[in-house]
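K.L.:
Here you go, one structure.
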Amino acid sequence: MDLFGLADCNNFYCSCERVFHPDLRDKPVIVLSNNDGCVVARSEESKRLGIKMGEPFYQIREMVEKNNVAVFSSNYNLYGDMSRRVMSLLSSFFSKINIYSIDEAFIDLSEIKDMEYLMNISHKAVKSIDKGVGIPVSLGIAPTKTLAKMASVFAKKHKGYNGVCLIDTDEKREKALKLFSIGDVWGIGRKHSKRLEYYGVKTAWDFTQKSEGWVRHEMSITGLRTWKELQGESCIESEELQYKKSICTSRSFPNQGLNRIEDVEEAVANFAAMCSKKLREQHTVCQSIIVFAYTSRFRDDAPLSYIHDVVNLEVPTNDMQEIVSIAVKALKRNWKNDSYYYKKAGVVVTNISEDSAVQGSLFDTVDRDKQSALSKVVDEINLRNGHDMVRVAVQGRDNNWHIKNEYISKQYTTNIKDILVVKV
C-alpha cells in the first residue's frame, strides 16, 4: 500500500515568534499582514478568544489590548529561515520530501513497509523538530495526499496522537471522513463547499457517497480527483506539487499611497527581484511578467488610476536583472503623471515551467550562460551575508515605499546585528 505523509508546522508564524519569546508560550499571539492590516496567523489561545483569520486589526485592537494578546508584524525573513531549518531536519529522517509551502511538506513513505518502524521514526522526527528548532509539527499519514492532509489536522487537534495520526484502514478512513467538514477538505475551496452544502453535502463522508458521474457533472476534474483521493485512490502526483504555476509579490502602501514614480519604481523593482528569487528557489522560469498598480477606490477626493501591463518573453527566464528591467520598463511605459496616489502595486510572473527545459531563440542577444552564472553568485553572496546584500541599483536602499510594520520582531537568525544576547 502506498503511503504519504504531510508534515505541517502548527500555527507557524506564531510558533516562530514564540521560539524567541518563550514567555509567550500558552499565551495569545497574532501576526498581522503587510502594513499591519489584517490577522494572518493566530495561536490556539487567540482562536479561543474569537479572533478570526483575516479580521482587520483596527476592529479588534481594543479586545487585543484587553486580553494582553501579543501582536507581531509579518517577519518573512525570519519565517523563511525557520522553515529552512524545519525542512532540513525533516529530510534527515525521510529521504523523499516535497516542500509544498513555507510550513508544509509532503513525504513519500511508500518504501517503508514496517508500520511499527514508521510510527517510531515519525514520532522521533516530530519530537526532534520541536526540540531542535522549537516549532511544533503535526504529521498525518495516509494512502493519499488528501487523506494525509486530513490526518495532519487530527494530529494537530488531538493531543492523544502525540503529533502523528495514521489513517491506514477503511475503518479509520470512514471515521475521519464523517468527522471532517466538507469546507475543510483540501482541494474543495469556498465556492465548491457552498455548492456542495446546497446539495446536502456537509462532511467529507457525504461527498464520497455521491456517484462519480454526479461529481464529474457538478465539479471540475480537480473535484473528481479529490473525490477519488478521499476514497483512498491516489491521484495527485508529486510532480504536480513541485512548483507554483504563478508567483505574485505585491504590497499596499501606507497612508495615502505613493505618487512619485521614483518610489513606485523602487517598489516594483523589489517585487520583481523577489519573484525572480522564488523562481530560482523552485528551479523554474517564467515566460510572462505582469506589472500592476492602482489608486484607492475608497477615496472620493483623489483621481483614480489603474496600471496593468503584460509582457510576454521570447525566452523564459528567472534572471533577476532581466525581470527587474522588464518590470520597471513596463511601469514607466504606463506611468501618467505624479497626480495619482497609488495605494498598491505588484509583480506577477506566470507561464512558469522547469528551468531544465528552456526553449531558446535563434535571435536571442542575451548570453544566458553568463547570466545564469552571475545570478548563482549573487544568490550565494546574499545567502551568506544577508537578504538583498547585492541588488540591482534601481531597488534602492531608502525604501520610502516600505510597508508599515510597527510590531515587527528582529531577524534573529539572518542578521548578525539581531543575534540573541545572553547575559550571565
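Each chain in the C-alpha cells gets a letter, A, B, ..., in the order shown, and its residues are numbered from 1; ligands are numbered from 1 in order too.
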Within 7 Å of segment 224-239 of chain A, counting only C-alpha atoms, which residues show up once you throw out same-chain ones fewer than 2 positions away? Write them as an MDAnalysis selection string, please.

P.N.:
chainID A and resid 143:144 146:147 187 208 215:216 219:222 241:242

K.L.:
Can I get the selected residues back with all heavy atoms, as a compact mmCIF listing (two decimals), in the first residue's frame?

P.N.:
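Result file follows (selection19.txt):
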```txt
# COMPACT_ATOMS: atom_id res chain seq x y z
N PRO A 143 -3.06 6.81 2.76
CA PRO A 143 -2.78 6.27 1.41
C PRO A 143 -2.80 7.32 0.30
O PRO A 143 -2.34 7.04 -0.81
CB PRO A 143 -3.92 5.25 1.19
CG PRO A 143 -4.45 4.96 2.55
CD PRO A 143 -4.28 6.22 3.33
N THR A 144 -3.36 8.50 0.54
CA THR A 144 -3.38 9.56 -0.47
C THR A 144 -2.96 10.88 0.19
O THR A 144 -3.01 11.03 1.41
CB THR A 144 -4.77 9.75 -1.09
OG1 THR A 144 -5.65 10.37 -0.12
CG2 THR A 144 -5.36 8.43 -1.55
N THR A 146 -4.47 13.79 -0.05
CA THR A 146 -5.63 14.49 0.52
C THR A 146 -5.97 13.93 1.90
O THR A 146 -6.25 14.68 2.84
CB THR A 146 -6.85 14.38 -0.41
OG1 THR A 146 -6.50 14.90 -1.69
CG2 THR A 146 -8.03 15.15 0.14
N LEU A 147 -5.94 12.61 2.04
CA LEU A 147 -6.20 11.99 3.34
C LEU A 147 -5.07 12.30 4.32
O LEU A 147 -5.31 12.46 5.52
CB LEU A 147 -6.37 10.49 3.18
CG LEU A 147 -7.68 10.02 2.52
CD1 LEU A 147 -7.63 8.51 2.25
CD2 LEU A 147 -8.89 10.35 3.39
N GLY A 187 -8.56 21.07 -1.54
CA GLY A 187 -8.96 20.98 -2.93
C GLY A 187 -10.41 21.33 -3.20
O GLY A 187 -10.81 21.44 -4.36
N THR A 208 -18.17 11.54 -0.46
CA THR A 208 -17.76 10.25 -1.03
C THR A 208 -18.96 9.38 -1.37
O THR A 208 -18.83 8.43 -2.16
CB THR A 208 -16.85 9.47 -0.05
OG1 THR A 208 -17.56 9.23 1.18
CG2 THR A 208 -15.58 10.26 0.23
N VAL A 215 -20.34 13.77 -9.40
CA VAL A 215 -19.19 14.63 -9.10
C VAL A 215 -18.59 15.19 -10.39
O VAL A 215 -18.25 16.37 -10.48
CB VAL A 215 -18.12 13.85 -8.31
CG1 VAL A 215 -16.87 14.71 -8.10
CG2 VAL A 215 -18.68 13.39 -6.96
N ARG A 216 -18.49 14.34 -11.41
CA ARG A 216 -17.94 14.78 -12.69
C ARG A 216 -18.81 15.87 -13.31
O ARG A 216 -18.30 16.82 -13.91
CB ARG A 216 -17.82 13.59 -13.64
CG ARG A 216 -17.07 13.89 -14.93
CD ARG A 216 -17.18 12.71 -15.89
NE ARG A 216 -16.60 11.51 -15.31
CZ ARG A 216 -15.31 11.20 -15.40
NH1 ARG A 216 -14.49 12.03 -16.02
NH2 ARG A 216 -14.86 10.08 -14.87
N MET A 219 -18.73 19.18 -10.67
CA MET A 219 -17.45 19.79 -10.31
C MET A 219 -16.43 19.59 -11.42
O MET A 219 -16.64 18.84 -12.37
CB MET A 219 -16.94 19.19 -8.99
CG MET A 219 -17.91 19.35 -7.83
SD MET A 219 -17.29 18.65 -6.30
CE MET A 219 -15.95 19.76 -5.92
N SER A 220 -15.31 20.23 -11.28
CA SER A 220 -14.24 20.13 -12.27
C SER A 220 -13.47 18.83 -12.09
O SER A 220 -13.75 18.04 -11.20
CB SER A 220 -13.27 21.32 -12.11
OG SER A 220 -12.64 21.25 -10.83
N ILE A 221 -12.47 18.62 -12.93
CA ILE A 221 -11.64 17.42 -12.83
C ILE A 221 -10.89 17.41 -11.51
O ILE A 221 -10.61 16.35 -10.94
CB ILE A 221 -10.65 17.35 -14.02
CG1 ILE A 221 -9.88 16.03 -14.01
CG2 ILE A 221 -9.69 18.53 -13.99
CD1 ILE A 221 -10.75 14.81 -14.24
N THR A 222 -10.60 18.62 -10.98
CA THR A 222 -9.94 18.70 -9.68
C THR A 222 -10.83 18.14 -8.58
O THR A 222 -10.38 17.43 -7.69
CB THR A 222 -9.57 20.16 -9.36
OG1 THR A 222 -8.74 20.69 -10.39
CG2 THR A 222 -8.85 20.27 -8.01
N LEU A 241 3.02 19.03 -7.49
CA LEU A 241 3.18 19.88 -6.32
C LEU A 241 4.53 20.57 -6.29
O LEU A 241 4.81 21.34 -5.38
CB LEU A 241 3.05 19.02 -5.04
CG LEU A 241 1.78 18.21 -4.89
CD1 LEU A 241 1.92 17.25 -3.72
CD2 LEU A 241 0.58 19.12 -4.69
N GLN A 242 5.35 20.35 -7.29
CA GLN A 242 6.73 20.80 -7.20
C GLN A 242 6.89 22.31 -7.31
O GLN A 242 7.78 22.88 -6.72
CB GLN A 242 7.58 20.11 -8.28
CG GLN A 242 7.86 18.66 -7.95
CD GLN A 242 8.80 18.02 -8.94
OE1 GLN A 242 9.09 18.58 -9.99
NE2 GLN A 242 9.29 16.84 -8.63
```

K.L.:
Which residues, written as a list in words, have at least one atom at most 10 Å from Ser276 of chain A, with only C-alpha atoms counted and residues fewer than 2 positions away on the same chain left out?

P.N.:
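Skipping anything fewer than 2 positions along the chain leaves Ile247, Asn270, Phe271, Ala272, Ala273, Met274, Lys278, Leu279, Arg280, Glu281, Thr284, Val285, Cys286, Thr317, Asn318, Asp319, Met320, Gln321, Glu322, Ile323, Val324, Val349 and Ser375 of chain A.
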
K.L.:
So, with only C-alpha atoms as the atoms that count, which of A:Trp214, A:Phe94, A:Leu3, A:Phe20 lies closest to Ile419 of chain A?

P.N.:
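Counting only C-alpha atoms, the residue closest to Ile419 of chain A is A:Phe20.
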
K.L.:
Using only C-alpha atoms, which protein or nucleic acid residues come within 12 Å of Val39 of chain A? Drop anything in the same chain fewer than 4 positions from it, and give the result as a list in words.

P.N.:
Tyr13, Cys14, Val29, Ile30, Val31, Leu32, Ser33, Asn34, Asn35, Ser43, Ser46, Lys47, Ile51, Lys52, Met53, Gly54, Glu55, Pro56, Phe57, Tyr58, Gln59, Ile60, Arg61, Val64, Val71, Phe72, Ser73 and Ser74 of chain A

K.L.:
Mind writing the picked residues with N, CA, C and O atoms as a CSV table (one decimal), in the first residue's frame?

P.N.:
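Below you can see out_7.csv, which holds the result:
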```csv
chain,number,residue,atom,x,y,z
A,13,TYR,N,3.7,30.9,11.9
A,13,TYR,CA,4.2,32.3,12.1
A,13,TYR,C,4.2,32.6,13.6
A,13,TYR,O,5.2,33.1,14.1
A,14,CYS,N,3.1,32.2,14.3
A,14,CYS,CA,3.1,32.5,15.8
A,14,CYS,C,4.2,31.6,16.5
A,14,CYS,O,4.8,32.1,17.4
A,29,VAL,N,-1.3,34.9,20.8
A,29,VAL,CA,-0.4,35.6,19.9
A,29,VAL,C,-1.1,35.7,18.5
A,29,VAL,O,-1.7,34.8,18.1
A,30,ILE,N,-0.9,36.9,17.9
A,30,ILE,CA,-1.4,37.0,16.5
A,30,ILE,C,-0.3,37.7,15.6
A,30,ILE,O,0.6,38.4,16.2
A,31,VAL,N,-0.3,37.4,14.3
A,31,VAL,CA,0.7,38.0,13.4
A,31,VAL,C,-0.2,38.7,12.3
A,31,VAL,O,-1.2,38.2,11.9
A,32,LEU,N,0.2,39.9,12.0
A,32,LEU,CA,-0.5,40.8,11.1
A,32,LEU,C,0.0,40.7,9.7
A,32,LEU,O,1.2,40.4,9.5
A,33,SER,N,-0.8,41.1,8.7
A,33,SER,CA,-0.4,41.1,7.3
A,33,SER,C,0.4,42.3,7.0
A,33,SER,O,0.8,43.1,7.9
A,34,ASN,N,0.8,42.5,5.7
A,34,ASN,CA,1.5,43.7,5.3
A,34,ASN,C,0.8,44.9,5.7
A,34,ASN,O,-0.4,45.0,5.6
A,35,ASN,N,1.6,45.9,6.1
A,35,ASN,CA,1.0,47.2,6.6
A,35,ASN,C,0.2,47.0,7.9
A,35,ASN,O,-0.6,47.9,8.3
A,43,SER,N,-2.5,32.0,17.3
A,43,SER,CA,-2.2,30.9,18.2
A,43,SER,C,-3.5,30.3,18.6
A,43,SER,O,-4.6,30.9,18.4
A,46,SER,N,-5.5,32.6,20.8
A,46,SER,CA,-6.1,33.7,20.1
A,46,SER,C,-7.4,33.2,19.5
A,46,SER,O,-8.4,34.0,19.4
A,47,LYS,N,-7.4,32.0,18.9
A,47,LYS,CA,-8.6,31.5,18.3
A,47,LYS,C,-9.7,31.3,19.3
A,47,LYS,O,-10.9,31.6,19.0
A,51,ILE,N,-10.8,35.6,17.8
A,51,ILE,CA,-10.2,36.3,16.7
A,51,ILE,C,-10.2,35.5,15.5
A,51,ILE,O,-9.8,34.4,15.5
A,52,LYS,N,-10.7,36.1,14.4
A,52,LYS,CA,-10.9,35.4,13.1
A,52,LYS,C,-9.7,35.7,12.2
A,52,LYS,O,-9.1,36.8,12.2
A,53,MET,N,-9.5,34.7,11.3
A,53,MET,CA,-8.4,34.9,10.3
A,53,MET,C,-8.9,36.0,9.3
A,53,MET,O,-10.1,36.0,8.9
A,54,GLY,N,-8.0,36.9,9.0
A,54,GLY,CA,-8.3,37.9,8.0
A,54,GLY,C,-9.1,39.1,8.6
A,54,GLY,O,-9.4,40.1,7.9
A,55,GLU,N,-9.3,39.1,9.9
A,55,GLU,CA,-10.0,40.2,10.6
A,55,GLU,C,-9.1,41.5,10.6
A,55,GLU,O,-8.0,41.4,11.0
A,56,PRO,N,-9.7,42.6,10.2
A,56,PRO,CA,-8.9,43.9,10.3
A,56,PRO,C,-8.4,44.2,11.7
A,56,PRO,O,-9.2,44.1,12.7
A,57,PHE,N,-7.2,44.6,11.8
A,57,PHE,CA,-6.6,44.8,13.2
A,57,PHE,C,-7.3,45.9,13.9
A,57,PHE,O,-7.5,45.8,15.1
A,58,TYR,N,-7.7,47.0,13.2
A,58,TYR,CA,-8.3,48.1,13.9
A,58,TYR,C,-9.6,47.8,14.5
A,58,TYR,O,-10.0,48.4,15.5
A,59,GLN,N,-10.3,46.7,14.0
A,59,GLN,CA,-11.5,46.3,14.6
A,59,GLN,C,-11.4,45.5,15.9
A,59,GLN,O,-12.4,45.5,16.7
A,60,ILE,N,-10.2,45.0,16.1
A,60,ILE,CA,-10.1,44.1,17.3
A,60,ILE,C,-9.0,44.7,18.3
A,60,ILE,O,-8.6,44.1,19.2
A,61,ARG,N,-8.5,45.9,18.0
A,61,ARG,CA,-7.4,46.5,18.8
A,61,ARG,C,-7.8,46.6,20.3
A,61,ARG,O,-7.0,46.2,21.1
A,64,VAL,N,-7.8,43.1,21.8
A,64,VAL,CA,-6.4,42.6,21.9
A,64,VAL,C,-5.7,43.2,23.1
A,64,VAL,O,-5.0,42.5,23.9
A,71,VAL,N,1.2,41.0,19.7
A,71,VAL,CA,1.0,41.3,18.3
A,71,VAL,C,2.3,41.4,17.6
A,71,VAL,O,3.2,42.1,18.2
A,72,PHE,N,2.4,40.8,16.5
A,72,PHE,CA,3.7,40.9,15.7
A,72,PHE,C,3.3,41.3,14.2
A,72,PHE,O,2.3,40.8,13.7
A,73,SER,N,4.2,42.1,13.6
A,73,SER,CA,4.1,42.3,12.2
A,73,SER,C,4.8,41.1,11.5
A,73,SER,O,5.6,40.5,12.1
A,74,SER,N,4.4,40.8,10.2
A,74,SER,CA,5.0,39.7,9.5
A,74,SER,C,6.5,39.9,9.3
A,74,SER,O,6.9,41.0,8.9
```

K.L.:
As a PyMOL selection string, please: all residues of segment 156-399 of chain A that backbone DSSP puts in alpha helix (DSSP H).

P.N.:
chain A and resi 156-157+170-179+189-198+204-208+212-218+221-230+261-281+320-334+368-385

K.L.:
Atom CA of Asn405 of chain A and atom CA of Tyr341 of chain A, how far apart in Å?

P.N.:
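Atom CA of Tyr341 of chain A sits 20.6 Å away from atom CA of Asn405 of chain A.
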
K.L.:
In segment 32-236 of chain A, what's strand (DSSP E or B) per DSSP? Answer as a PyMOL selection string?

P.N.:
chain A and resi 32+38-42+56+70-73+97-101+104-108+137-142+164-166+181+203

K.L.:
With only C-alpha atoms as the atoms that count, which of A:Arg42, A:Lys194, A:His123, A:Lys343 lies nearest to Val164 of chain A?

P.N.:
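Ranking A:Arg42, A:Lys194, A:His123, A:Lys343 by distance to Val164 of chain A, first place goes to A:His123.
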
K.L.:
Taking into account only C-alpha atoms, which residue in the set A:Val378, A:Met82, A:Ala105, A:Ile416 is nearest to Leu6 of chain A?

P.N.:
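Closest residue, counting only C-alpha atoms: A:Ala105.
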